[in-house]
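Source file: data-v3.txt; contents: compact mmCIF, C-alpha atoms.
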```
# COMPACT_ATOMS: atom_id res chain seq x y z
CA LYS A 1 73.59 -65.93 -25.70
CA VAL A 2 74.49 -64.05 -22.51
CA PHE A 3 72.11 -61.08 -22.37
CA ALA A 4 73.22 -59.84 -18.95
CA LEU A 5 74.86 -56.45 -19.48
CA SER A 6 78.08 -57.46 -17.71
CA GLY A 7 78.61 -60.47 -19.98
CA ASN A 8 78.73 -62.72 -16.91
CA GLU A 9 76.49 -65.75 -17.42
CA GLN A 10 75.73 -65.90 -13.69
CA ASP A 11 74.74 -62.20 -13.48
CA LYS A 12 71.16 -61.70 -12.24
CA SER A 13 70.97 -58.08 -13.41
CA PRO A 14 67.88 -57.20 -15.51
CA GLU A 15 69.73 -54.75 -17.79
CA ILE A 16 70.63 -55.53 -21.39
CA SER A 17 72.79 -53.56 -23.82
CA THR A 18 71.60 -51.23 -26.56
CA GLU A 19 72.83 -53.78 -29.08
CA ASP A 20 70.77 -56.56 -27.48
CA THR A 21 67.72 -54.29 -27.43
CA VAL A 22 68.17 -53.90 -31.20
CA LEU A 23 68.71 -57.67 -31.65
CA SER A 24 65.46 -58.35 -29.79
CA ALA A 25 63.43 -55.82 -31.77
CA VAL A 26 64.78 -56.94 -35.16
CA ALA A 27 64.10 -60.59 -34.27
CA ALA A 28 60.46 -59.72 -33.52
CA GLU A 29 60.13 -57.77 -36.78
CA VAL A 30 61.62 -60.62 -38.81
CA PHE A 31 59.23 -63.15 -37.29
CA TYR A 32 56.22 -60.89 -37.88
CA ASP A 33 57.21 -60.30 -41.52
CA TYR A 34 57.65 -64.07 -41.95
CA LEU A 35 54.30 -64.93 -40.37
CA GLN A 36 52.12 -62.15 -41.79
CA PRO A 37 51.97 -63.30 -45.44
CA ILE A 38 51.37 -66.90 -44.33
CA ILE A 39 48.35 -65.89 -42.25
CA LYS A 40 47.15 -63.48 -44.93
CA ALA A 41 47.19 -66.27 -47.52
CA LYS A 42 45.37 -68.70 -45.22
CA THR A 43 42.74 -66.45 -43.65
CA GLY A 44 42.72 -63.16 -45.52
CA VAL A 45 43.48 -61.36 -42.24
CA ASP A 46 46.19 -58.70 -42.45
CA CYS A 47 47.42 -58.74 -38.85
CA PRO A 48 48.42 -62.04 -37.20
CA VAL A 49 47.74 -62.67 -33.52
CA ILE A 50 50.96 -63.57 -31.69
CA ALA A 51 51.38 -64.75 -28.11
CA LEU A 52 54.46 -63.31 -26.43
CA GLY A 53 55.75 -64.68 -23.15
CA MET A 54 58.93 -65.32 -21.16
CA ASP A 55 60.44 -67.44 -18.44
CA THR A 56 61.64 -65.90 -15.15
CA ARG A 57 65.17 -64.88 -16.13
CA PRO A 58 65.92 -61.28 -15.10
CA THR A 59 66.62 -60.05 -18.65
CA GLY A 60 63.26 -61.29 -19.95
CA PRO A 61 61.31 -58.07 -19.30
CA ALA A 62 63.84 -55.90 -21.17
CA ILE A 63 63.83 -58.23 -24.18
CA ALA A 64 60.02 -58.41 -24.08
CA ASP A 65 59.71 -54.62 -23.93
CA ALA A 66 61.77 -54.25 -27.10
CA MET A 67 59.76 -56.96 -28.86
CA ASN A 68 56.39 -55.58 -27.76
CA ARG A 69 57.36 -52.10 -29.01
CA ALA A 70 58.55 -53.50 -32.34
CA LEU A 71 55.39 -55.58 -32.83
CA LEU A 72 53.10 -52.68 -31.92
CA GLN A 73 54.79 -50.63 -34.65
CA LYS A 74 53.78 -53.42 -37.04
CA ASN A 75 50.16 -53.23 -35.82
CA CYS A 76 50.47 -56.80 -34.59
CA ILE A 77 47.76 -58.13 -32.28
CA ILE A 78 49.76 -59.24 -29.25
CA GLN A 79 48.62 -61.60 -26.52
CA TRP A 80 51.09 -60.75 -23.75
CA THR A 81 51.19 -63.66 -21.30
CA GLY A 82 54.08 -62.45 -19.15
CA VAL A 83 55.78 -65.28 -17.28
CA SER A 84 54.67 -68.53 -18.90
CA SER A 85 56.00 -72.04 -19.38
CA ALA A 86 56.87 -73.27 -22.87
CA PRO A 87 54.04 -75.84 -23.19
CA GLU A 88 51.60 -73.26 -21.84
CA ILE A 89 52.33 -70.66 -24.51
CA MET A 90 52.55 -73.36 -27.19
CA ALA A 91 49.13 -74.73 -26.24
CA PHE A 92 47.72 -71.18 -26.25
CA SER A 93 49.22 -70.46 -29.67
CA ARG A 94 47.17 -73.28 -31.21
CA LYS A 95 44.19 -70.90 -30.93
CA LEU A 96 46.18 -67.98 -32.39
CA ASP A 97 48.60 -67.57 -35.29
CA GLY A 98 51.97 -68.00 -33.61
CA PHE A 99 54.14 -67.33 -30.57
CA ILE A 100 57.41 -65.83 -29.42
CA TYR A 101 58.88 -67.28 -26.25
CA ILE A 102 61.81 -65.62 -24.47
CA SER A 103 63.81 -68.30 -22.68
CA ALA A 104 67.20 -69.96 -22.45
CA SER A 105 65.69 -73.18 -21.08
CA HIS A 106 68.14 -74.71 -18.57
CA ASN A 107 71.10 -72.43 -19.37
CA PRO A 108 72.61 -70.25 -16.62
CA VAL A 109 70.63 -67.26 -15.36
CA GLY A 110 72.51 -64.60 -17.36
CA HIS A 111 71.66 -66.28 -20.67
CA ASN A 112 68.49 -65.75 -22.66
CA GLY A 113 67.12 -66.71 -26.03
CA ILE A 114 64.12 -66.44 -28.33
CA LYS A 115 61.95 -69.25 -29.68
CA PHE A 116 59.45 -68.85 -32.52
CA GLY A 117 56.52 -71.00 -33.55
CA THR A 118 53.28 -70.99 -35.52
CA ASN A 119 49.97 -72.44 -34.33
CA ASP A 120 50.92 -76.10 -34.70
CA GLY A 121 52.04 -76.18 -31.07
CA GLY A 122 55.79 -76.37 -31.63
CA VAL A 123 58.84 -74.30 -32.53
CA LEU A 124 59.72 -73.70 -36.16
CA ASN A 125 61.61 -76.55 -37.82
CA GLY A 126 65.17 -76.13 -39.07
CA THR A 127 64.21 -75.24 -42.63
CA GLU A 128 61.78 -72.50 -41.64
CA ASN A 129 64.02 -71.21 -38.87
CA ALA A 130 66.88 -70.88 -41.37
CA LYS A 131 64.76 -68.42 -43.34
CA LEU A 132 64.42 -66.23 -40.26
CA VAL A 133 68.15 -66.45 -39.53
CA GLU A 134 69.05 -65.39 -43.06
CA GLU A 135 66.73 -62.37 -42.97
CA PHE A 136 67.84 -61.51 -39.42
CA LYS A 137 71.50 -61.36 -40.46
CA LYS A 138 70.64 -59.37 -43.57
CA ARG A 139 68.83 -56.69 -41.61
CA LEU A 140 71.54 -56.48 -38.96
CA SER A 141 74.15 -55.87 -41.66
CA ALA A 142 72.58 -52.50 -42.55
CA PRO A 143 74.95 -49.71 -41.38
CA ASP A 144 72.19 -47.67 -39.72
CA VAL A 145 70.24 -50.56 -38.13
CA VAL A 146 70.92 -49.46 -34.54
CA GLU A 147 69.82 -45.86 -34.98
CA LYS A 148 66.75 -46.69 -37.07
CA THR A 149 65.59 -49.48 -34.77
CA LEU A 150 65.97 -47.40 -31.61
CA GLU A 151 64.06 -44.55 -33.26
CA LYS A 152 61.20 -46.91 -34.15
CA LEU A 153 61.07 -48.27 -30.60
CA LYS A 154 60.77 -44.75 -29.22
CA GLY A 155 57.78 -44.23 -31.49
CA ALA A 156 55.72 -46.96 -29.84
CA SER A 157 52.59 -45.51 -28.24
CA ALA A 158 52.75 -45.32 -24.43
CA ASN A 159 48.97 -45.85 -24.31
CA ASP A 160 49.21 -48.95 -26.48
CA LEU A 161 51.96 -50.36 -24.26
CA ARG A 162 49.94 -49.62 -21.14
CA THR A 163 46.84 -51.28 -22.60
CA LEU A 164 48.87 -54.30 -23.67
CA LEU A 165 50.25 -54.81 -20.16
CA GLN A 166 46.83 -54.25 -18.58
CA GLN A 167 45.35 -56.95 -20.78
CA GLY A 168 48.13 -59.35 -19.83
CA ALA A 169 46.15 -60.91 -16.97
CA SER A 170 43.41 -61.95 -19.39
CA ALA A 171 45.89 -63.40 -21.88
CA LYS A 172 47.66 -65.29 -19.08
CA HIS A 173 44.35 -66.70 -17.87
CA ASN A 174 43.50 -67.91 -21.38
CA ALA A 175 46.97 -69.43 -21.79
CA LEU A 176 46.60 -71.39 -18.55
CA ARG A 177 43.19 -72.69 -19.55
CA SER A 178 44.53 -73.72 -22.96
CA TYR A 179 47.38 -75.60 -21.33
CA GLU A 180 45.10 -77.32 -18.83
CA ASP A 181 42.78 -78.42 -21.65
CA PHE A 182 45.75 -79.71 -23.64
CA ALA A 183 47.15 -81.54 -20.61
CA ARG A 184 43.83 -83.27 -19.97
CA LEU A 185 43.55 -84.27 -23.63
CA THR A 186 47.12 -85.60 -23.70
CA ILE A 187 46.88 -87.53 -20.43
CA ALA A 188 43.45 -89.03 -21.11
CA GLY A 189 44.24 -89.67 -24.76
CA SER A 190 40.93 -88.32 -26.01
CA GLU A 191 39.26 -85.05 -26.96
CA ASP A 192 35.96 -86.38 -25.62
CA LYS A 193 35.22 -84.47 -22.39
CA GLU A 194 33.26 -87.38 -20.91
CA ILE A 195 36.13 -89.79 -21.51
CA GLN A 196 38.53 -87.29 -19.97
CA GLU A 197 36.38 -86.87 -16.87
CA ASN A 198 36.01 -90.62 -16.44
CA PHE A 199 39.78 -91.02 -16.71
CA PHE A 200 40.49 -88.40 -14.05
CA GLU A 201 37.71 -89.71 -11.85
CA ASN A 202 39.55 -93.03 -11.83
CA ILE A 203 42.70 -91.22 -10.72
CA ARG A 204 40.83 -89.43 -7.94
CA ASP A 205 39.30 -92.72 -6.75
CA ALA A 206 42.70 -94.42 -6.78
CA VAL A 207 44.46 -91.75 -4.72
CA LYS A 208 41.67 -91.83 -2.15
CA LEU A 209 42.61 -95.46 -1.54
CA ASN A 210 46.36 -94.91 -1.87
CA LYS A 211 47.13 -91.43 -0.59
CA THR A 212 49.66 -89.84 -2.92
CA GLY A 213 51.67 -86.62 -2.72
CA ILE A 214 54.09 -84.89 -5.06
CA VAL A 215 56.95 -82.59 -4.06
CA CYS A 216 58.07 -79.86 -6.47
CA ASP A 217 61.26 -77.82 -6.34
CA PHE A 218 60.12 -74.91 -8.51
CA ASN A 219 63.53 -73.18 -8.19
CA GLY A 220 61.88 -69.88 -9.14
CA SER A 221 61.03 -71.14 -12.62
CA SER A 222 58.16 -70.24 -14.92
CA ARG A 223 56.18 -73.14 -13.49
CA THR A 224 55.68 -71.15 -10.28
CA LEU A 225 52.95 -69.37 -12.25
CA CYS A 226 51.63 -72.39 -14.13
CA ILE A 227 48.92 -75.03 -13.60
CA ASP A 228 50.89 -77.44 -11.41
CA ARG A 229 49.38 -76.75 -7.97
CA ASP A 230 45.76 -76.59 -9.05
CA PHE A 231 46.05 -79.48 -11.50
CA PHE A 232 47.40 -81.96 -8.96
CA LYS A 233 45.10 -80.79 -6.16
CA ALA A 234 42.03 -80.97 -8.42
CA ASN A 235 42.80 -84.64 -8.94
CA GLY A 236 43.20 -85.45 -5.26
CA ILE A 237 47.01 -85.48 -5.23
CA ASN A 238 48.61 -83.55 -2.36
CA PHE A 239 51.15 -80.98 -3.53
CA TYR A 240 54.21 -79.80 -1.59
CA GLU A 241 56.51 -77.11 -2.90
CA ILE A 242 59.83 -75.39 -2.23
CA ASN A 243 61.56 -72.39 -3.86
CA GLN A 244 58.19 -71.24 -5.18
CA ASN A 245 58.86 -67.51 -5.68
CA ALA A 246 59.10 -66.65 -9.38
CA GLY A 247 62.58 -65.54 -10.39
CA GLU A 248 64.27 -66.48 -7.12
CA PHE A 249 66.71 -69.20 -8.15
CA ALA A 250 67.93 -71.20 -5.17
CA HIS A 251 70.48 -73.13 -7.25
CA GLU A 252 71.45 -73.84 -10.86
CA ILE A 253 68.53 -74.17 -13.27
CA ILE A 254 69.39 -77.41 -15.08
CA PRO A 255 67.47 -80.37 -13.57
CA GLU A 256 70.33 -82.82 -13.30
CA SER A 257 71.78 -84.80 -10.40
CA GLU A 258 73.66 -82.02 -8.60
CA ASN A 259 70.50 -79.88 -8.48
CA LEU A 260 67.98 -82.62 -7.78
CA VAL A 261 69.32 -83.15 -4.27
CA HIS A 262 67.12 -80.29 -3.04
CA VAL A 263 63.80 -81.92 -3.90
CA ALA A 264 65.14 -85.23 -2.58
CA ALA A 265 66.07 -83.57 0.71
CA GLU A 266 62.59 -82.05 1.02
CA MET A 267 60.99 -85.44 0.40
CA GLU A 268 63.15 -86.95 3.14
CA ARG A 269 62.29 -84.08 5.51
CA LEU A 270 58.57 -84.55 4.92
CA GLN A 271 58.84 -88.30 5.41
CA LYS A 272 60.63 -87.82 8.75
CA ALA A 273 57.91 -85.33 9.75
CA GLY A 274 55.27 -88.00 9.17
CA VAL A 275 54.12 -86.90 5.70
CA LYS A 276 54.21 -90.40 4.29
CA ASP A 277 52.44 -89.59 1.02
CA ALA A 278 55.40 -87.50 -0.24
CA VAL A 279 56.58 -90.27 -2.57
CA LEU A 280 57.18 -88.45 -5.86
CA GLY A 281 59.21 -85.35 -6.66
CA TYR A 282 60.28 -83.24 -9.62
CA MET A 283 62.20 -80.12 -10.56
CA PRO A 284 61.38 -78.28 -13.79
CA ALA A 285 63.81 -76.38 -15.99
CA ASN A 286 62.94 -72.70 -16.38
CA ARG A 287 61.06 -72.99 -19.66
CA SER A 288 59.72 -76.36 -18.46
CA LYS A 289 59.47 -78.14 -21.79
CA ARG A 290 62.24 -80.69 -21.42
CA PRO A 291 61.13 -83.61 -19.22
CA SER A 292 61.76 -83.03 -15.53
CA SER A 293 63.60 -85.64 -13.56
CA ILE A 294 61.50 -87.72 -11.17
CA PHE A 295 62.39 -89.13 -7.80
CA VAL A 296 60.57 -92.09 -6.32
CA LEU A 297 61.12 -92.43 -2.61
CA ARG A 298 60.86 -96.13 -1.81
CA LEU A 299 59.35 -96.71 1.62
```
What would you get if you wrote out this structure as structure tokens?
Amino acid sequence: KVFALSGNEQDKSPEISTEDTVLSAVAAEVFYDYLQPIIKAKTGVDCPVIALGMDTRPTGPAIADAMNRALLQKNCIIQWTGVSSAPEIMAFSRKLDGFIYISASHNPVGHNGIKFGTNDGGVLNGTENAKLVEEFKKRLSAPDVVEKTLEKLKGASANDLRTLLQQGASAKHNALRSYEDFARLTIAGSEDKEIQENFFENIRDAVKLNKTGIVCDFNGSSRTLCIDRDFFKANGINFYEINQNAGEFAHEIIPESENLVHVAAEMERLQKAGVKDAVLGYMPANRSKRPSSIFVLRL
């Protein structure tokens, strides 16, 4: 939905309404109450560990604040990753109990949304998600839901919130490492570290012989703070980027033809400037789970 306070889907304001603050908090509570008995039955542990992250939309921090406060009131163990890409937080959640990801994918900047998943690396399926929706609607139908929810959010400990945010850098680091490990496993097709290293060594040897570069139009997306730069460079592939400041959207978010002209133009500019290895390009959507479009510049 449009979370921007004005109701304008192109509004870049960070403010959300009181009602949307309540929606966010209740959604977090419903997911916790869904997940907690599942984890209790499996492990005997009372408090699940949940990763919470967001893309770079301006309303993300306000939604996250409401959710963090609600989860702290539940004594949830939160791994706050801040700005993260969808596959990053999903890979991280495989080591935890579940995740909440605040994102509207490729929708306009004033939109936002909430995705839930367990530790299987994906979002909840339709059947399980329907259970959350039913409970969510039930709780929102209570006549005093706004007042009671806002009162609970005020009760969240300032020290706990401060500690949570301070520990965010560590959680983000662990999320990135989890995603890099998962990417290597997926690309190499094996969990064996030696097989993985041999696979990537072959890539590095190949690009030494055939110099290869990749151009990325980040468009201010969550991938500005992801593994892209280091991953390509570590494997000998030169990396060129534009619109790399998180949250600064140079154009519409959806990676389709009318927005892919920017990365194409940068590839052409580099080629004219003598950077002949700039032969591939991509632009991610903000949550960066749907496949990005790829350009191949034929020389």
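Of the residues listed (A:Phe232, A:Phe99, A:Tyr32, A:Phe92), A:Phe92 shows the shortest atom-to-atom separation from Asp181 (chain A); distances use all atoms listed in the file.
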Exercise. For the point (70.5, -70.0, -15.5) in file coordinates, what residues are within 10 Å, counting all atoms listed in the file? Give the answer as a list in words?
Worked result: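 These residues have at least one counted atom within 10 Å: Glu9, Gln10, Asp11, Lys12, Thr56, Arg57, Pro58, Ser103, Ala104, Ser105, His106, Asn107, Pro108, Val109, Gly110, His111, Asn112, Ser221, Phe249, His251, Glu252, Ile253, Ile254, Ala285 and Asn286 of chain A.
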Exercise. Can you list, as an MDAnalysis selection string, every protein, DNA or RNA residue that comes within 12 Å of Trp80 (chain A) when you count only C-alpha atoms, leaving out same-chain residues fewer than 4 positions away?
Worked result: chainID A and resid 49:54 61 64:65 67:69 71:72 76 84 89 92:93 99:102 161:175
For this session: Find the distance between CA of Glu266 (chain A) and CA of Tyr240 (chain A) and write it in Å to one decimal.
Result: 9.1 Å
Problem set entry | Using only C-alpha atoms: which of A:Gln271, A:Ala265, A:Gly220, A:Ser257 has the shortest distance to Gln244 (chain A) |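 Distance minimum relative to Gln244 (chain A) lands on A:Gly220.
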Exercise. Could you name the residues that touch Glu134 (chain A) at 10 Å or less, counting all atoms listed in the file, but leaving out those on the same chain fewer than 5 positions away, as an MDAnalysis selection string?
Worked result: chainID A and resid 30 129 139
For this session: Find the residues around Pro37 (chain A) up to 10 Å (all atoms listed in the file counted), leave out those fewer than 5 positions away in its own chain, and share them as a VMD selection string.
Result: chain A and resid 32 42 to 48
Put the listed atoms of region 44-58 of chain A in a box along x, y and z with 5 Å added on every side and give me the centre and edge lengths in Å to one decimal, as lines of an AutoDock Vina configuration file.
```
center_x = 54.3
center_y = -63.1
center_z = -30.3
size_x = 33.2
size_y = 18.7
size_z = 40.4
```
Using all atoms listed in the file, what residues lie at most 12 Å away from (61.3, -45.1, -34.9) (file coordinates), given as a JSON list (two decimals) with C-alpha atoms, in the frame of the given file?
```json
[["chain", "number", "residue", "atom", "x", "y", "z"],
["A", 22, "VAL", "CA", 68.17, -53.90, -31.20],
["A", 25, "ALA", "CA", 63.43, -55.82, -31.77],
["A", 69, "ARG", "CA", 57.36, -52.10, -29.01],
["A", 70, "ALA", "CA", 58.55, -53.50, -32.34],
["A", 72, "LEU", "CA", 53.10, -52.68, -31.92],
["A", 73, "GLN", "CA", 54.79, -50.63, -34.65],
["A", 74, "LYS", "CA", 53.78, -53.42, -37.04],
["A", 145, "VAL", "CA", 70.24, -50.56, -38.13],
["A", 146, "VAL", "CA", 70.92, -49.46, -34.54],
["A", 147, "GLU", "CA", 69.82, -45.86, -34.98],
["A", 148, "LYS", "CA", 66.75, -46.69, -37.07],
["A", 149, "THR", "CA", 65.59, -49.48, -34.77],
["A", 150, "LEU", "CA", 65.97, -47.40, -31.61],
["A", 151, "GLU", "CA", 64.06, -44.55, -33.26],
["A", 152, "LYS", "CA", 61.20, -46.91, -34.15],
["A", 153, "LEU", "CA", 61.07, -48.27, -30.60],
["A", 154, "LYS", "CA", 60.77, -44.75, -29.22],
["A", 155, "GLY", "CA", 57.78, -44.23, -31.49],
["A", 156, "ALA", "CA", 55.72, -46.96, -29.84],
["A", 157, "SER", "CA", 52.59, -45.51, -28.24]]
```
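CA of Arg229 (chain A) to CA of Lys95 (chain A) spans 24.3 Å [interatomic distance, one decimal].
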Problem set entry | d(CA of Ile203 (chain A), CA of Gly189 (chain A)) in Å | 14.2 Å
Exercise. Contacts of Asn119 (chain A) at 6 Å or less, counting all atoms listed in the file, minus same-chain residues fewer than 6 places along, as a list in words?
Worked result: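 Here the qualifying residues turn out to be Ser93, Arg94, Asp97 and Gly98 of chain A.
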